[in-house]
Each structure stands twice: as C-alpha cells, then as structure tokens.
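To keep things clear, I will list the structure first and then write my remarks on it.
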Amino acid sequence: MADYHIREAAESLLCSVSSPPYRNTTHSQSVNLMSEDLVAGYRPLGKMSSVRRFFCLFVTFDILFTSLMWLICVMMKGESLIQIFNREIIHYDIKISLFDIVIVAVLRFLLLIVFYAIVYINNWSVIALSTSGTCAFLIGKVFVYDWPNASQPVYQVFLILTSFTLAWGEAWFLDFRVLPQELQAKQILETMVSQSTERTPLLGPHRPHRVQSTHGESTVNWFSPVETPESSPRPKRPGDVILTQDQIDEYKQMAEEGMQNAWKTINLPDWKLEKRGSQKGDIVESKQCEQFGKVYRFTGIVDCPAKFLFEEFKNNLTKLPEWNPTILKSELIKEIGPGIDLSYQVTAGGGRGIIAPRDFVILRRLAPLGPDGRVVEGGEASCYITSGVSVAVPGYPPAKDMVRGHNKVGCWCLTPKTVEEGGKVVQRTVFQWLMCCDLKGKIPQFVLDAAFATVMLDYIVHVRKFAADSKAKGLF
C-alpha cells in the first residue's frame, strides 16, 4: 500500500502545467526547491532520508574532528601518551584537562544518533537539549580553565570554539534542513495522492535509442545536466546530410534490427499490469527483459483505420507538433531508403519543470507486417509498425541547451480491427506503444516508474483527438 501511494504521488507531481514551465525562470527556481525538498526528504521504502543521513554524517564528523583537535592540543606539550593519559583522564581536573570536551562530543554523538537515527524522532527537543548542554558546559569551562598556565592557549581556544560551533551547526541543520525537508516531502506526497488533477504528457512519442545507457541514481536536483557541448551548425534542408554508402548500409541494417527487436519484444508473453487508463481497454504493462531491462507496453483503441495513422506518421513527420503539444520540433534529416529515414525531434519539458526538454536523433523503420513479423510487399498487412533507434548523425551533436535522451527499444504497432456498429462496419486501430526510455538527468527511479505509465496514458489522448478531428474533416 505504501508503494502504491508513493507511485500515485509521483504521478501527480509530474503533472504538467498549461504553459511550458522551463521557459519561466522564477517558476523553475521554485520547482527546483520543491524537487530538492522531495528528493532529500523522501524515505525510500521507509529507510532513512538522504538529508537525515547527511545529518548523521555531520554528527560523526563532529566527534572525530573534536577528538583530533584534542589530540593535537595535548601533543603540543611534548609529553608521552602515558603522561597524557594520566594527566587528562586518570587524574582529570576541569581546570587543566581538555578531555571533558571530547566526552561532551561523545555524549552529543550518542544522544543524537540514538534519537534521530535509531528512534527516528521528528522533534527538535533532543537537539535543543544537546546544544544547550554543550554551550552551558563550554561557557563554564572558559571561566574555570587555568588559562595563565596553558602552554598553547590558541589551540585550547580553537578546540572550545570548534565544539561550540559544531553543536550549533548540528542544531541549525536539523531544525532548518532535516525536519522541514522531511515534512515537506511527506506533505507533497500526501497532498498529491489526495488530489485528482488532469494530467498532460511529459514526453513525446517513443524515442528509441541505440546507445547503451543506464538510469541515473537519485540526486537532489532532478533537472538535466547543466549543459552539453554546443552543437555545430546543422543542415538546413532534408537531404543535406552527406552519408557514405557504408553509413547508409549500416543505417539500413540497424533499422531492420531495431524493427525486429521491437516486434519481438512487444509480442512477448507474461506482461505485468502497471496501470489502467480512464477509458475502457487502456492499459500499461511492463516486463523485465534481459536485453533491454524494464520495458513498457501501452494498449488501447483508436477510432480510425490503422493504415490512416500509419500514413500520417510516415508522411507527415514534420507536422507532428501541430497536433501533438508534447513535441516542440520535428525535422526530417534524410531518407535512407523505402520506409527508412533519419529524424530529429525535441520533446517539451514536463513535470512542472522537473523534467527538462530532451532532443532525439532517430532512425525510423516504417513497414506493414504480416503475422510472422515479416514485411509485407503488397497485399493485406496484419499490422503496421513504426519503430526507431537512436543513432549518431553528422551535423546533429547534442545541443547546448538540451539533454539527449536514450531509448533502447521502441515502436508504435497499429493493428487493424473491424467492428460492426449500428449495422455499419467500422475500422478501428489497436494502438500499441512499446517504450524503454532513459531520460538521463539522474531522475529518481520512482519518479521514472510513475512517469512512464502516466505519459503513455496521457499521450493517447492527443492521438484520439487527432483521429477525431481528421474524421470530422472527412480525411477517412
């Protein structure tokens, strides 16, 4: 049940606003703060949050640094370890010994670790007790210490000031960082679970990537890396990219392999249900594949002929942004061969600024397939597939202000479906979308898991709206 709530909260958090937030600096800064609080204060599977873990590390640093400073102070007198042990510990005297400062640091360490790491309380009372007790002792120590006879008073002063500063630093960090961020994360998750908001897509359609990559670990900042190398001037018109015959042959082979991988993957058995959509029949499933890792598959019905959608995706690539708001730019780079082309696309940012825009260079393969997954040359096709893999293309390096996303495998599979309604035969499409996407940017995995399922359910809304508008215009 806890995992379910976390997943729902992440999905709600990733809702987009009506205007692209990454274009608003003030809004992005506030979102960055919210994402910071959520990630730092989030407790994965009930474990310790990252901000509290840092607090425990700070407390450990306190006792080690204080002990090191004490050792330096006593060693400056030129005595042996036995003499130091006898004078500082065995024959302890508050007027000449500094070991009591180490004892105070040890007590402070034990008190804070027990209550804030083991018992895991969410209250400032214990840190207030340890800080006030430390300050009271240090102030008293200043009055009773035998300063005139101190061999190196500078070191003694520094040791006392260090202990005083560390105690107050721990109090500040717990009260102004740990407790507020954990509370903020809890409130965000609880609020997002309770809210039912309209979601809009965060990503564009599938963006398969040939390049091998792995998902980033959770970090405080979910935004993309600061910048990637500045891009060089790009070709102005389709076909301007000059390729050798060897490159063309390699692209063709990669396109065929990508299509076959997508076809085999999307038809694998034993998928796990991830989420159901609001419209009957809409489902998102996932499967762990040895070759690609975790992949997602959406299945739904679109009220239009499968061939119409296929021709639209094939012939009107550059018009996708006109009806798909999740795509900012869609360019045809070069046609490689029949049903094979290179394209460049930029997806809009989403998640209220948490996920920045991504760009993709895609090698597409579009073809009608038979029941065995082979390309049909003429005749009736059992489905139409639009697959893609990411490739490197001359003149299209990563842009300065974009992060290049990665999809290991992906496709749209459009299967014709004939139904009879009111005595009429109606052509519909079983729309399936296979996606295995790495967005880069070190986005937390629990956010990605929620985002992928949500994106697929949201994206089909735009496809259905486009189909409805096309039907109203008499295009099919």
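Every chain in the structure tokens has a letter given in the order shown (A, B, ...), and although residue numbers restart at 1 in each chain, ligands are simply numbered from 1 in the order shown.
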(message) Just list as a PyMOL selection string whatever in segment 219-438 of chain A DSSP marks as strand (DSSP E).
(response) chain A and resi 272-276+283-289+293-302+327-337+340-347+358-369+383-390+403-404+406-421+424-438
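Within the 12 Å cut-off around Trp168 of chain A, using only C-alpha atoms and omitting residues fewer than 2 positions from it on the same chain, the listed residues are Phe58, Val59, Asp62, Arg108, Ile127, Ala128, Leu129, Ser130, Thr131, Ser132, Gly133, Thr134, Cys135, Leu161, Thr162, Ser163, Phe164, Thr165, Leu166, Glu170, Ala171, Trp172, Phe173, Leu174, Asp175 and Phe176 of chain A.
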(message) Need the shell around Phe310 of chain A: protein/DNA/RNA residues with any atom at most 8 Å away, counting only C-alpha atoms. Skip same-chain ones fewer than 2 positions apart. Format as JSON, numbers by chain?
(response) {"A": [306, 307, 308, 312, 313, 314, 384, 385, 386, 414]}
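Proximity to Glu322 of chain A was assessed for A:Arg276, A:Lys424, A:Arg177, A:His462 counting only C-alpha atoms; the smallest distance is recorded for A:His462.
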(request) Can you work out which one of A:Ala262, A:Ile460, A:Met76, A:Ile121 has the shortest atom-to-atom distance to Ser151 of chain A, counting only C-alpha atoms? (result) A:Met76
